[in-house]
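K.L.:
Questions regarding the structure given below will be posed in turn.
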Amino acid sequence: MVKKVFIIVVLALSLVIFLVFRSFFFEKLDEPRLIDRLPSADFIGKINLLDFARESSKLIYNNKLPFRDLLSSEFLLSQGKTYGLNFQEPIYIFGNERGDGGCFIRVIDSTKVALGIERLKESINISQISINNQKVLFSKKDNLFLYLRSNFLFIYKGMFFKETLSTVIQSKYKGVLPIWTRFLNDNHFKKSNLVLYSNWSKIKENGIETAIFAYESDSLSFNLKSYFRKTKSFNLKLKQTGLTYASSPSSTRSVELHLDISELKNNLNDPWYAALLKYATPIGFPIQDFFKAWEGDLSFVEGGTEKIRESYIETELDENFNMTEVMKFRDVEIPRYSLYFSTNKFQERFINKLFSKGIMTSENGKIRVLYSPLLTMKKSKGSIQLFSGNKSPKLSESKNNKIFWSDKNDIYRFSIDSLNSNEMFGKINIPVSKILKIIKF
């Protein structure tokens, strides 16, 4: 009797254990979501393709971009439906400093995508290979990889596909990488159709914890709104106004800054100061003396030419055929340079240090800075000016903090719109020609 009761108790306990823990023993593992598969990279982001195409239509047509008819939102939507791609959902993108990058597109019908790839093979030499026991389509000429699953298409270009694919196929349900979690949870530029988030080590070296860039519609150039957040204080504030030179149409480069740097002077271990020191040290520039003398206003303009009258000695024969030296004058064109920066009582010490290090030299009553043309120096109680020609350019009040830089006909612009203790908002303007080079139409 006892034996029967024991068996019944054991069976009852076994049944209870089975009912309680059956979900554990027979649990079906959930398929990773697309966001669970996204790899880490120096730059990550997302693009709402159709809205981005609508927003960029003026930019595309005003700049007469190649294949602009193929970049309309209507055409992209129709192609997405034809080939089973969901362009109405965000496309996730990533890229690295080392030169590789890719994107993830949601798939509606993988059969249609496969048909689209077959059409692609007519213009691109694509072969099927096996990587990490996965079937992958590969174009050796373009170093391009296509990895198709039932719910997404992974497109990759670069030299590190195998390790990136490992991240994609080994992902777990709800296993979003921390960098993507931070990006997707950040509320800055939520309504923008193209947003990039930086995880670049070189940005982090300068104390930047977060860097986010968002596309802003412009019919003439590619504009990115920018947001930077530091782990510690920027040690900088924006001034209300300051003096600056007016740039002219012939200007190729200009810098205009009006900063309160009092906190920075007391924090010379700041990453920004360390970065400047890194570039100043090789040429022996006395960066410490500069910061001690500088009061935060700086204006630099380069570009164009101006005429100056210079004297020269010419040997001539007089009426008795004797050789004589005659001073003459001529008008010559020289490159236009103008530099202004506000200073304090330490300005003379800074200038003397430049002369002692040979960075600044005196020649014929004018100043040469390293290999610059001869410049006129004008010192006052609160500022120093260096300019080509004999007359200083006009200074006027301004509240802007911006950089204009031309390089091989490509024009870049950067501006600081607002700045508080840990956050900075600004804009970056990139020429369309540079964007074309990047995406290699």
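A note on labels: chains of the structure tokens are A, B, ... as shown, every chain counts residues from 1, and ligands are counted from 1 in their shown order.
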Each residue of range 193-293 of chain A with at least one atom at most 10 Å from range 325-338 of chain A should appear once, together with its nearest atom pair and the corresponding distance in Å (one decimal); atoms considered: only C-alpha atoms; ordering: chain, then increasing residue number; output as CSV.
P.N.:
residue,atom,partner,partner_atom,distance
A:Tyr245,CA,A:Ser338,CA,7.9
A:Ser247,CA,A:Ser338,CA,10.0
A:Ser250,CA,A:Arg336,CA,9.5
A:Ser251,CA,A:Arg336,CA,8.7
A:Arg253,CA,A:Tyr337,CA,9.8
A:Ser254,CA,A:Ser338,CA,9.3
K.L.:
Using only C-alpha atoms, which residues sit within 10 Å of range 201-205 of chain A once same-chain residues fewer than 5 positions away are excluded, as a VMD selection string?
P.N.:
chain A and resid 42 97 210 to 211 228 230 to 231 271 to 272 274 to 275
K.L.:
Tell me which protein, DNA and RNA residues are within 10 Å of Phe75 in chain A, counting only C-alpha atoms, leaving out same-chain ones fewer than 5 positions away, and put them as a ChimeraX atom specification.
P.N.:
/A:50,53,69-70,80
K.L.:
For those residues, write C-alpha atoms to a file as a PDB file, in the first residue's frame.
P.N.:
ATOM      1  CA  LEU A  50      10.892  57.580 -49.907  1.00  0.00           C
ATOM      2  CA  ALA A  53      13.781  61.235 -52.017  1.00  0.00           C
ATOM      3  CA  ASP A  69      14.683  60.188 -62.821  1.00  0.00           C
ATOM      4  CA  LEU A  70      15.511  56.941 -61.022  1.00  0.00           C
ATOM      5  CA  GLY A  80      10.285  48.251 -54.236  1.00  0.00           C
TER       6      GLY A  80
END
K.L.:
Considering only C-alpha atoms, state which residue in the set A:Trp200, A:Phe321, A:Phe154, A:Phe145 is at the smallest distance from Ile91 in chain A.
P.N.:
A:Phe154
K.L.:
In Å, rounded to a single decimal, give me how far CA of Ile287 in chain A is from CA of Lys357 in chain A.
P.N.:
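Interatomic distance here is 12.2 Å.
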K.L.:
Kindly indicate which residue among A:Asn320, A:Ser233, A:Thr376, A:Asn206 lies nearest to Ser421 in chain A, using only C-alpha atoms for the distances.
P.N.:
A:Ser233
K.L.:
Might you pull out every residue within 7 Å of Asp100 in chain A, with only C-alpha atoms counted and same-chain residues fewer than 5 positions away left off, and present them as a count of residues only?
P.N.:
4
K.L.:
Which of these, A:Lys239, A:Lys58, A:Lys46, A:Arg149, has the shortest distance to Gly84 in chain A once you count only C-alpha atoms?
P.N.:
A:Arg149
K.L.:
Report the distance between CA of Tyr156 in chain A and CA of Asn143 in chain A in Å, rounded to one decimal place.
P.N.:
8.5 Å
K.L.:
List the neighbours of range 118-134 of chain A out to 8 Å using only C-alpha atoms; skip same-chain residues closer than 5 positions along the sequence, and give me the result as a JSON list (two decimals) with C-alpha atoms, in the first residue's frame.
P.N.:
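Result saved to result.json:
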[["chain", "number", "residue", "atom", "x", "y", "z"],
["A", 139, "SER", "CA", 30.59, 40.50, -57.16],
["A", 140, "LYS", "CA", 34.39, 40.30, -57.21],
["A", 141, "LYS", "CA", 34.79, 43.34, -59.47],
["A", 162, "LYS", "CA", 32.95, 37.42, -43.12],
["A", 165, "LEU", "CA", 28.15, 38.33, -41.44],
["A", 166, "SER", "CA", 29.06, 36.43, -38.25]]
